[in-house]
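See below for coords-v5.cif, which holds mmCIF, C-alpha atoms and all ligand atoms.
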```
data_coords
loop_
_atom_site.label_atom_id
_atom_site.label_comp_id
_atom_site.auth_asym_id
_atom_site.auth_seq_id
_atom_site.Cartn_x
_atom_site.Cartn_y
_atom_site.Cartn_z
CA MET A 125 -28.45 -7.99 -21.76
CA SER A 126 -26.48 -10.20 -19.41
CA ASN A 127 -26.19 -13.79 -18.26
CA GLN A 128 -27.93 -12.97 -15.01
CA GLU A 129 -31.33 -14.38 -14.18
CA PRO A 130 -34.00 -12.23 -15.90
CA HIS A 131 -34.93 -9.35 -13.61
CA PRO A 132 -36.24 -5.81 -13.81
CA ALA A 133 -33.37 -3.43 -14.59
CA LEU A 134 -32.58 -1.77 -11.28
CA LEU A 135 -32.49 1.93 -12.04
CA ILE A 136 -32.40 3.51 -8.61
CA PRO A 137 -29.63 5.77 -7.34
CA GLY A 138 -27.71 2.74 -6.01
CA PRO A 139 -27.41 -0.18 -5.85
CA ILE A 140 -27.13 -0.23 -9.62
CA GLU A 141 -26.95 -3.03 -12.20
CA PHE A 142 -23.83 -5.23 -12.11
CA ASP A 143 -21.76 -6.26 -15.06
CA ASP A 144 -21.53 -10.08 -15.29
CA ALA A 145 -17.78 -9.99 -14.76
CA VAL A 146 -18.15 -7.94 -11.57
CA LEU A 147 -20.72 -10.37 -10.22
CA ASN A 148 -18.69 -13.42 -11.24
CA SER A 149 -15.58 -12.14 -9.54
CA MET A 150 -17.47 -12.45 -6.25
CA SER A 151 -17.67 -16.22 -6.59
CA HIS A 152 -14.01 -16.53 -5.79
CA TYR A 153 -12.86 -19.40 -3.59
CA SER A 154 -12.07 -18.44 -0.05
CA GLU A 155 -8.62 -17.02 0.45
CA SER A 156 -6.65 -15.51 3.29
CA HIS A 157 -6.95 -11.76 3.66
CA VAL A 158 -3.20 -11.65 4.37
CA GLY A 159 -2.16 -14.03 1.59
CA ALA A 160 -0.11 -12.72 -1.33
CA PRO A 161 -2.78 -13.17 -4.08
CA PHE A 162 -5.42 -11.20 -2.19
CA VAL A 163 -2.97 -8.51 -1.09
CA LYS A 164 -1.99 -8.01 -4.74
CA THR A 165 -5.65 -7.56 -5.72
CA PHE A 166 -6.19 -5.03 -2.93
CA SER A 167 -3.00 -3.18 -3.84
CA GLU A 168 -4.09 -2.83 -7.46
CA ALA A 169 -7.59 -1.72 -6.48
CA LEU A 170 -6.20 1.07 -4.27
CA LYS A 171 -3.91 2.24 -7.07
CA MET A 172 -6.80 2.23 -9.55
CA LEU A 173 -8.85 4.36 -7.18
CA ARG A 174 -6.18 7.04 -7.43
CA GLN A 175 -6.77 7.04 -11.20
CA LEU A 176 -10.55 7.22 -10.87
CA PHE A 177 -10.27 10.19 -8.51
CA GLN A 178 -7.58 11.70 -10.78
CA THR A 179 -4.99 12.14 -8.06
CA SER A 180 -1.30 11.60 -8.64
CA ASP A 181 -0.22 13.32 -5.42
CA PRO A 182 1.58 10.65 -3.37
CA SER A 183 0.48 12.33 -0.14
CA SER A 184 -3.20 11.62 -0.82
CA GLN A 185 -4.52 8.50 0.85
CA PRO A 186 -7.23 6.08 -0.33
CA PHE A 187 -9.24 4.07 2.20
CA VAL A 188 -11.41 1.06 1.34
CA ILE A 189 -13.16 -0.18 4.46
CA SER A 190 -16.03 -2.62 4.85
CA GLY A 191 -19.19 -0.60 5.35
CA SER A 192 -21.53 1.57 3.33
CA GLY A 193 -21.20 5.16 2.14
CA THR A 194 -22.32 6.35 5.55
CA LEU A 195 -19.10 5.06 7.09
CA GLY A 196 -17.33 7.77 5.06
CA TRP A 197 -19.18 10.38 7.13
CA ASP A 198 -18.05 8.69 10.33
CA GLN A 199 -14.47 8.68 9.08
CA VAL A 200 -14.61 12.40 8.37
CA ALA A 201 -16.29 13.32 11.65
CA ALA A 202 -14.15 11.05 13.85
CA ASN A 203 -10.76 11.75 12.24
CA LEU A 204 -10.79 15.23 10.75
CA ALA A 205 -12.66 17.14 13.43
CA GLU A 206 -12.34 17.18 17.19
CA PRO A 207 -15.16 17.58 19.66
CA GLY A 208 -16.16 21.25 19.77
CA ASP A 209 -14.98 21.98 16.21
CA GLU A 210 -17.33 23.61 13.72
CA ALA A 211 -18.48 22.07 10.42
CA LEU A 212 -20.51 23.82 7.72
CA VAL A 213 -22.88 21.44 5.92
CA LEU A 214 -24.27 22.72 2.63
CA HIS A 215 -27.75 21.49 1.90
CA THR A 216 -27.64 20.08 -1.59
CA GLY A 217 -29.99 17.16 -1.30
CA TYR A 218 -31.50 14.43 0.69
CA PHE A 219 -28.44 13.42 2.72
CA ALA A 220 -27.26 16.71 4.28
CA ASP A 221 -29.39 16.36 7.45
CA SER A 222 -27.89 12.96 8.13
CA PHE A 223 -24.31 14.14 7.55
CA ALA A 224 -24.98 16.96 10.04
CA ASP A 225 -26.43 14.46 12.51
CA CYS A 226 -23.30 12.34 12.11
CA PHE A 227 -21.07 15.31 13.03
CA GLU A 228 -23.18 16.02 16.11
CA THR A 229 -22.81 12.38 17.17
CA TYR A 230 -19.07 13.02 17.47
CA GLY A 231 -19.50 16.29 19.32
CA VAL A 232 -18.76 18.39 16.25
CA LYS A 233 -21.00 21.43 15.84
CA ALA A 234 -22.73 21.27 12.45
CA THR A 235 -24.23 24.40 10.93
CA GLN A 236 -26.47 23.70 7.97
CA LEU A 237 -26.79 26.14 5.11
CA LYS A 238 -30.16 25.32 3.58
CA ALA A 239 -31.64 26.01 0.17
CA PRO A 240 -35.07 25.37 -1.37
CA ILE A 241 -35.62 21.74 -2.46
CA GLY A 242 -33.81 21.02 -5.71
CA ASP A 243 -31.63 24.12 -5.36
CA ARG A 244 -28.39 24.73 -3.49
CA PRO A 245 -26.96 27.53 -1.35
CA GLN A 246 -25.68 30.39 -3.52
CA LEU A 247 -22.00 31.30 -3.65
CA ASP A 248 -22.47 34.62 -1.82
CA GLU A 249 -24.33 32.85 1.01
CA VAL A 250 -21.52 30.33 1.33
CA GLU A 251 -18.95 33.12 1.30
CA ALA A 252 -20.82 35.04 4.01
CA ALA A 253 -21.10 31.92 6.18
CA LEU A 254 -17.39 31.16 5.81
CA LYS A 255 -16.50 34.72 6.83
CA GLU A 256 -18.66 34.52 9.94
CA LYS A 257 -16.62 31.88 11.74
CA THR A 258 -13.76 29.50 11.20
CA TYR A 259 -15.06 26.15 10.10
CA LYS A 260 -12.73 23.17 10.26
CA ILE A 261 -14.71 21.39 7.55
CA ILE A 262 -17.22 22.22 4.83
CA THR A 263 -19.24 19.44 3.21
CA VAL A 264 -20.62 19.80 -0.29
CA THR A 265 -21.87 17.53 -3.01
CA HIS A 266 -20.69 19.80 -5.81
CA ALA A 267 -17.18 21.08 -5.65
CA LEU A 268 -16.93 24.66 -4.44
CA SER A 269 -13.33 24.42 -3.49
CA GLU A 270 -12.06 27.54 -5.27
CA LEU A 271 -14.32 29.76 -3.16
CA VAL A 272 -13.53 27.93 0.08
CA HIS A 273 -9.77 28.05 -0.45
CA ARG A 274 -9.98 31.80 -1.15
CA VAL A 275 -12.25 32.81 1.71
CA SER A 276 -11.32 30.28 4.38
CA PRO A 277 -8.08 28.53 3.44
CA GLU A 278 -7.91 26.43 6.61
CA THR A 279 -11.28 24.77 5.99
CA LEU A 280 -11.11 21.22 4.62
CA VAL A 281 -13.34 20.65 1.58
CA VAL A 282 -15.24 17.37 1.93
CA VAL A 283 -17.28 16.17 -1.03
CA ASP A 284 -20.04 13.65 -0.44
CA GLY A 285 -19.56 11.98 -3.79
CA VAL A 286 -21.63 8.90 -2.97
CA CYS A 287 -23.96 9.68 -5.85
CA SER A 288 -21.40 11.11 -8.28
CA VAL A 289 -18.09 9.19 -8.24
CA GLY A 290 -18.01 7.10 -11.41
CA SER A 291 -20.75 9.05 -13.17
CA GLU A 292 -19.36 12.59 -12.87
CA GLU A 293 -15.83 13.81 -13.26
CA ILE A 294 -13.86 14.23 -10.01
CA ARG A 295 -10.48 15.95 -10.36
CA PHE A 296 -9.23 15.49 -6.84
CA ASP A 297 -5.86 17.24 -7.23
CA ASP A 298 -6.86 19.95 -9.70
CA TRP A 299 -9.88 20.99 -7.64
CA GLY A 300 -7.96 21.00 -4.36
CA LEU A 301 -10.37 18.61 -2.65
CA ASP A 302 -9.56 17.24 0.79
CA VAL A 303 -11.91 14.29 1.07
CA VAL A 304 -14.17 12.62 -1.47
CA LEU A 305 -16.26 9.76 -0.16
CA THR A 306 -18.37 7.21 -1.96
CA ALA A 307 -19.79 3.70 -1.68
CA SER A 308 -19.26 0.60 -3.81
CA GLN A 309 -22.91 0.24 -4.89
CA LYS A 310 -23.29 3.62 -6.59
CA GLY A 311 -21.47 4.83 -9.72
CA VAL A 312 -18.65 2.36 -9.16
CA GLY A 313 -21.08 -0.48 -9.95
CA CYS A 314 -20.25 -3.06 -7.26
CA PRO A 315 -22.36 -4.77 -4.65
CA ALA A 316 -22.94 -2.69 -1.53
CA GLY A 317 -20.50 -3.19 1.32
CA LEU A 318 -17.48 -0.92 0.83
CA SER A 319 -16.87 2.59 2.05
CA ILE A 320 -14.44 4.29 -0.35
CA VAL A 321 -12.66 7.46 0.72
CA MET A 322 -9.86 9.54 -0.80
CA ALA A 323 -8.16 11.95 1.59
CA SER A 324 -5.66 14.66 0.61
CA GLY A 325 -2.20 15.14 2.09
CA ARG A 326 -3.64 18.24 3.78
CA ALA A 327 -6.39 16.17 5.39
CA MET A 328 -3.82 13.65 6.58
CA GLU A 329 -1.78 16.48 8.12
CA ARG A 330 -4.90 17.71 9.90
CA PHE A 331 -5.47 14.21 11.16
CA LYS A 332 -1.90 13.88 12.42
CA ALA A 333 -2.12 17.25 14.20
CA ARG A 334 -5.13 16.19 16.33
CA LYS A 335 -4.79 16.92 20.00
CA THR A 336 -7.31 14.30 20.99
CA ARG A 337 -7.62 10.70 19.94
CA PRO A 338 -10.07 9.89 17.14
CA THR A 339 -13.57 9.48 18.49
CA SER A 340 -14.29 6.13 16.85
CA TYR A 341 -12.61 2.77 16.98
CA PHE A 342 -13.50 0.98 13.74
CA ALA A 343 -13.46 4.21 11.72
CA SER A 344 -10.31 5.57 13.33
CA TRP A 345 -7.62 6.19 10.74
CA ARG A 346 -5.07 5.43 13.46
CA ASN A 347 -6.08 1.83 13.04
CA TRP A 348 -5.86 1.90 9.28
CA LEU A 349 -2.58 3.83 9.07
CA PRO A 350 0.81 3.81 10.81
CA SER A 351 0.57 4.47 14.53
CA THR A 352 3.37 6.96 14.58
CA PHE A 353 1.81 10.02 16.11
CA PRO A 354 3.45 9.95 19.54
CA HIS A 355 2.05 13.34 20.54
CA LEU A 356 -1.36 11.69 20.46
CA LEU A 357 -0.28 9.26 23.11
CA SER A 358 0.67 11.53 25.99
CA VAL A 359 -0.86 14.95 25.86
CA PRO A 360 0.42 17.36 28.52
CA GLY A 361 -2.33 19.02 30.48
CA LEU A 362 -4.91 16.27 30.07
CA PRO A 363 -6.78 15.24 33.20
CA ALA A 364 -5.24 12.28 34.97
CA PHE A 365 -7.85 9.75 33.90
CA GLN A 366 -7.39 10.72 30.26
CA GLN A 367 -3.62 10.45 30.63
CA GLN A 368 -4.29 7.01 31.97
CA ILE A 369 -6.31 6.09 28.89
CA CYS A 370 -3.54 7.45 26.68
CA LYS A 371 -1.00 5.46 28.66
CA SER A 372 -2.84 2.18 28.32
CA TRP A 373 -3.36 2.95 24.66
CA GLU A 374 0.35 3.63 24.30
CA ASN A 375 1.28 0.31 25.84
CA GLY A 376 -1.45 -1.60 24.09
CA ALA A 377 -1.77 -3.32 20.79
CA ARG A 378 -2.53 -0.12 18.87
CA LEU A 379 1.10 0.93 19.02
CA THR A 380 2.12 -2.12 17.06
CA THR A 381 -0.75 -1.92 14.62
CA PRO A 382 0.74 -2.01 11.13
CA PRO A 383 -0.05 0.68 8.57
CA VAL A 384 -2.85 -1.30 7.03
CA MET A 385 -3.95 0.75 4.01
CA GLN A 386 -0.41 1.76 3.07
CA ASN A 387 0.83 -1.80 3.43
CA TYR A 388 -1.96 -3.15 1.26
CA GLU A 389 -1.17 -0.63 -1.43
CA ALA A 390 2.54 -1.48 -1.19
CA ASN A 391 1.62 -5.16 -1.64
CA LYS A 392 2.42 -6.14 1.94
CA PRO A 393 0.10 -8.17 4.14
CA SER A 394 -1.50 -6.31 7.01
CA TYR A 395 -4.36 -6.64 9.39
CA PHE A 396 -6.87 -4.48 11.17
CA ALA A 397 -10.44 -5.82 10.95
CA THR A 398 -10.88 -8.45 8.23
CA PRO A 399 -11.65 -7.03 4.79
CA SER A 400 -14.08 -8.77 2.43
CA PRO A 401 -11.91 -10.43 -0.24
CA GLN A 402 -14.97 -11.08 -2.42
CA LEU A 403 -15.96 -7.42 -2.46
CA ILE A 404 -12.40 -6.31 -3.12
CA HIS A 405 -12.36 -8.67 -6.13
CA ALA A 406 -15.58 -7.09 -7.38
CA LEU A 407 -14.11 -3.62 -6.91
CA HIS A 408 -10.93 -4.64 -8.73
CA THR A 409 -12.94 -5.95 -11.69
CA SER A 410 -15.19 -2.92 -11.82
CA LEU A 411 -12.33 -0.42 -11.61
CA SER A 412 -10.41 -2.33 -14.30
CA GLN A 413 -13.45 -2.03 -16.57
CA ILE A 414 -13.98 1.65 -15.80
CA LEU A 415 -10.32 2.47 -16.46
CA SER A 416 -10.13 0.39 -19.64
CA ARG A 417 -11.66 3.35 -21.49
CA PRO A 418 -10.77 7.03 -21.25
CA LEU A 419 -12.69 8.50 -18.29
CA ASP A 420 -13.87 11.37 -20.51
CA GLN A 421 -15.84 8.91 -22.63
CA ARG A 422 -17.45 7.41 -19.56
CA PHE A 423 -18.59 10.79 -18.30
CA ALA A 424 -19.81 11.75 -21.79
CA ASP A 425 -21.93 8.56 -21.87
CA HIS A 426 -23.44 9.52 -18.53
CA ARG A 427 -24.18 13.05 -19.72
CA ALA A 428 -25.89 11.66 -22.84
CA ALA A 429 -28.02 9.16 -20.88
CA SER A 430 -28.93 11.85 -18.37
CA LYS A 431 -29.94 14.21 -21.17
CA LYS A 432 -32.13 11.53 -22.71
CA VAL A 433 -33.97 10.82 -19.46
CA LYS A 434 -34.38 14.51 -18.65
CA GLN A 435 -35.70 15.19 -22.16
CA THR A 436 -38.26 12.37 -21.80
CA VAL A 437 -39.35 13.83 -18.49
CA ALA A 438 -39.71 17.29 -20.02
CA ASP A 439 -41.61 15.92 -23.05
CA LEU A 440 -44.05 14.29 -20.66
CA GLY A 441 -44.60 17.64 -18.98
CA LEU A 442 -43.18 16.41 -15.67
CA LYS A 443 -41.02 18.53 -13.42
CA GLN A 444 -37.67 17.69 -11.90
CA LEU A 445 -36.78 18.49 -8.31
CA ALA A 446 -33.69 20.30 -9.55
CA THR A 447 -35.01 22.91 -11.96
CA LYS A 448 -31.72 24.57 -12.88
CA PRO A 449 -29.45 22.54 -15.18
CA GLU A 450 -26.39 23.39 -13.04
CA ASN A 451 -28.02 21.62 -10.08
CA GLN A 452 -28.89 18.48 -12.02
CA ALA A 453 -26.85 15.34 -11.58
CA ASN A 454 -25.75 13.16 -14.49
CA GLY A 455 -26.22 9.96 -12.50
CA MET A 456 -29.83 10.41 -11.52
CA THR A 457 -33.04 12.31 -12.22
CA ALA A 458 -35.51 13.13 -9.47
CA ILE A 459 -39.00 13.69 -10.83
CA TYR A 460 -42.17 15.07 -9.30
CA LEU A 461 -45.11 12.80 -10.03
CA PRO A 462 -48.04 14.32 -11.89
CA GLU A 463 -50.72 15.89 -9.69
CA GLY A 464 -52.98 13.25 -8.21
CA LEU A 465 -50.74 10.30 -8.99
CA THR A 466 -48.79 8.61 -6.24
CA PRO A 467 -45.85 6.20 -6.38
CA PRO A 468 -48.03 3.12 -5.59
CA GLU A 469 -50.01 3.76 -8.78
CA ILE A 470 -47.01 4.28 -11.01
CA LEU A 471 -44.41 1.91 -9.68
CA PRO A 472 -46.21 -1.42 -10.31
CA ASN A 473 -46.79 -0.17 -13.83
CA LEU A 474 -43.12 0.43 -14.35
CA LEU A 475 -42.24 -2.89 -12.75
CA LYS A 476 -44.52 -4.70 -15.20
CA ARG A 477 -42.33 -3.24 -17.92
CA GLY A 478 -39.20 -4.53 -16.32
CA ILE A 479 -38.10 -1.34 -14.60
CA ALA A 480 -37.71 -0.98 -10.87
CA ALA A 481 -37.59 2.65 -9.77
CA LYS A 482 -37.79 4.03 -6.27
CA TYR A 483 -40.44 6.69 -6.18
CA ILE A 484 -39.45 8.61 -9.20
CA ARG A 485 -35.80 8.87 -8.49
CA PHE A 486 -34.26 7.35 -11.59
CA GLY A 487 -30.67 6.31 -11.27
CA HIS A 488 -28.77 6.15 -14.56
CA MET A 489 -25.23 5.07 -13.81
CA GLY A 490 -22.71 2.39 -14.64
CA VAL A 491 -23.26 -0.50 -17.02
CA SER A 492 -26.86 0.52 -17.70
CA VAL A 493 -25.35 3.60 -19.33
CA VAL A 494 -21.96 2.56 -20.70
CA ASP A 495 -22.61 -1.00 -21.90
CA PRO A 496 -23.83 -0.72 -25.52
CA LYS A 497 -25.38 -4.21 -25.26
CA ARG A 498 -27.88 -2.94 -22.73
CA ASP A 499 -30.96 -0.90 -23.49
CA ASP A 500 -31.93 -0.17 -19.88
CA ILE A 501 -32.22 3.57 -20.35
CA ASP A 502 -34.37 3.37 -23.49
CA ARG A 503 -36.63 0.83 -21.84
CA ALA A 504 -36.92 3.03 -18.76
CA CYS A 505 -37.91 6.05 -20.83
CA ALA A 506 -40.49 3.99 -22.74
CA ALA A 507 -41.82 2.45 -19.52
CA LEU A 508 -42.24 5.87 -17.97
CA LYS A 509 -44.26 7.07 -20.96
CA GLU A 510 -46.42 3.95 -21.18
CA GLY A 511 -46.79 3.57 -17.43
CA LEU A 512 -48.12 7.09 -17.12
CA SER A 513 -50.45 6.77 -20.08
CA ASP A 514 -51.85 3.51 -18.63
CA VAL A 515 -52.96 5.30 -15.50
CA GLY A 516 -54.62 7.99 -17.59
CA TYR A 517 -51.99 10.67 -17.38
CA LYS A 518 -52.08 13.27 -20.11
CA LYS A 519 -49.63 16.10 -20.49
CA ALA A 520 -51.28 19.40 -19.59
CA GLU A 521 -51.38 21.66 -22.67
C1 LIG A 601 -26.34 6.83 -1.11
C2 LIG A 601 -25.78 8.08 -0.54
C3 LIG A 601 -25.30 8.11 0.79
C4 LIG A 601 -25.42 6.94 1.73
O1 LIG A 601 -24.69 5.85 1.33
P1 LIG A 601 -24.98 4.41 1.96
O2 LIG A 601 -24.12 3.50 1.17
O3 LIG A 601 -26.45 4.14 1.83
O4 LIG A 601 -24.59 4.46 3.41
C5 LIG A 601 -24.73 9.30 1.24
N1 LIG A 601 -24.64 10.40 0.46
C6 LIG A 601 -25.10 10.41 -0.82
C7 LIG A 601 -24.97 11.68 -1.65
C8 LIG A 601 -25.68 9.26 -1.36
O5 LIG A 601 -26.12 9.27 -2.63
#
```

Give the structure from this file in structure tokens form.
Amino acid sequence: MSNQEPHPALLIPGPIEFDDAVLNSMSHYSESHVGAPFVKTFSEALKMLRQLFQTSDPSSQPFVISGSGTLGWDQVAANLAEPGDEALVLHTGYFADSFADCFETYGVKATQLKAPIGDRPQLDEVEAALKEKTYKIITVTHALSELVHRVSPETLVVVDGVCSVGSEEIRFDDWGLDVVLTASQKGVGCPAGLSIVMASGRAMERFKARKTRPTSYFASWRNWLPSTFPHLLSVPGLPAFQQQICKSWENGARLTTPPVMQNYEANKPSYFATPSPQLIHALHTSLSQILSRPLDQRFADHRAASKKVKQTVADLGLKQLATKPENQANGMTAIYLPEGLTPPEILPNLLKRGIAAKYIRFGHMGVSVVDPKRDDIDRACAALKEGLSDVGYKKAE
């Protein structure tokens, strides 16, 4: 299966299995983060991200910043909304509460639109909510952009793609998305440690039109982009102490901060907060592999693997959290355990068969799915069947 030390195939919704080449590219000798060879690698990785997100619009802006997927939420909340703004958070899974909490941390009012577990808010509910007030931002995990653009054109469409980028198609330009965020350890197939964000030209305009400074330091796009928004530096009408802060900011180092992300992409050295060269190498390798085949084929492989797992689950008489096919992801399957059985009874049984699953959330993404030399998915399906039968489970007739 690989040259890695024998281990249970990790089939959780991230981190996922690594390809040998991705892992090997991490054992790169130490190099300067402003030296030409590393800058070239970073530049190519940023350009490849544009391809993965299917954006050719030069005004869209990729960000790759050390951190996990969660840092993408901080970037959205701190840069694209100002304290007092409204955000509409659609409940489409486990992470919506936390995204809402993140907005509140930055003083942004988050309204959650909830749905029963495994389901999602219906289009007419979303439309009604959007008509009720003007939201600066809507967050979704499935793209709903057509509706949002029609009903509330000023609202930025933010897709939490942490679980879908790399396993589901994302057509950033065609779907009119404003931000898609993900993390290196999910469908992209790298070690954890990188927050990956694509922002549209429209989102960048919103950012530049802020009246207040971004409410984060590390996550502030001012630090990762050119510092050429002078209106941000002295805002008429601000209280004196805030003017003072702006003034010191204006005279301080930030003004000379180079446009880090744009420089990297343009193959020029730049610095704000040291990147991880090893992780950027891994990302470069993984993106090169992903883009070496047509993306359509990759997504078709994920649909086929997903179908196989979901069929096995159905054959066993188990239920998925998401009952409707349109709510089901191609990168993972969330399964209710049979009545009376709990994860501690099942999981050791799966582990014995070389499969590590978290509860019964099966992740099926990346090399486990697209590498024909691996049989991770077949083994997982078999382990699920045998593991259940070992603990006496029988399908109810
Ligand atoms: C995993 C995940 C996150 C959190 O990402 P971290 O890398 O753990 O910070 C957020 N949203 C979704 C949809 C995810 O799947």

**Asked** Within 9 Å of ligand LIG 601 (chain A), counting all atoms listed in the file: which residues, as a PyMOL selection string?
**Response** chain A and resi 137-139+191-197+216-220+222-223+265+283-288+305-310+316-319

Students should find that atom CA of A:Asp221 and atom CA of A:Leu135 are spaced 24.4 Å

What's around stretch 278-282 of chain A at 10 Å? Count only C-alpha atoms, leave out sequence neighbours fewer than 4 positions away in its own chain, and write the answer as a PyMOL selection string.
chain A and resi 197+200+204-205+210-213+254+258-270+272-274+299-305+322-324+326-327+330

Atom pair atom CA of A:Asp420 + atom CA of A:Ile294, distance 10.9 Å

Distance query stretch 179-182 of chain A at most 9 Å, all atoms listed in the file, self and fewer than 3 positions along chain excluded, as a short mmCIF file (atom, residue, chain, number, x, y, z; two decimals) with C-alpha atoms, keeping the file's coordinate frame:
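The resulting file, part.cif, is reproduced below:
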```cif
data_model
loop_
_atom_site.label_atom_id
_atom_site.label_comp_id
_atom_site.auth_asym_id
_atom_site.auth_seq_id
_atom_site.Cartn_x
_atom_site.Cartn_y
_atom_site.Cartn_z
CA LEU A 173 -8.85 4.36 -7.18
CA ARG A 174 -6.18 7.04 -7.43
CA GLN A 175 -6.77 7.04 -11.20
CA LEU A 176 -10.55 7.22 -10.87
CA GLN A 185 -4.52 8.50 0.85
CA ARG A 295 -10.48 15.95 -10.36
CA PHE A 296 -9.23 15.49 -6.84
CA ASP A 297 -5.86 17.24 -7.23
CA ASP A 298 -6.86 19.95 -9.70
CA SER A 324 -5.66 14.66 0.61
CA GLY A 325 -2.20 15.14 2.09
#
```

Shortest contact to A:Ile241, candidates A:Lys255, A:His157, A:Lys443, A:His215, atoms counted only C-alpha atoms, goes to A:His215

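Nearest to A:Val163 of all the residues A:Val491, A:Val275, A:Val232, A:Val384 is A:Val384, based on all atoms listed in the file.
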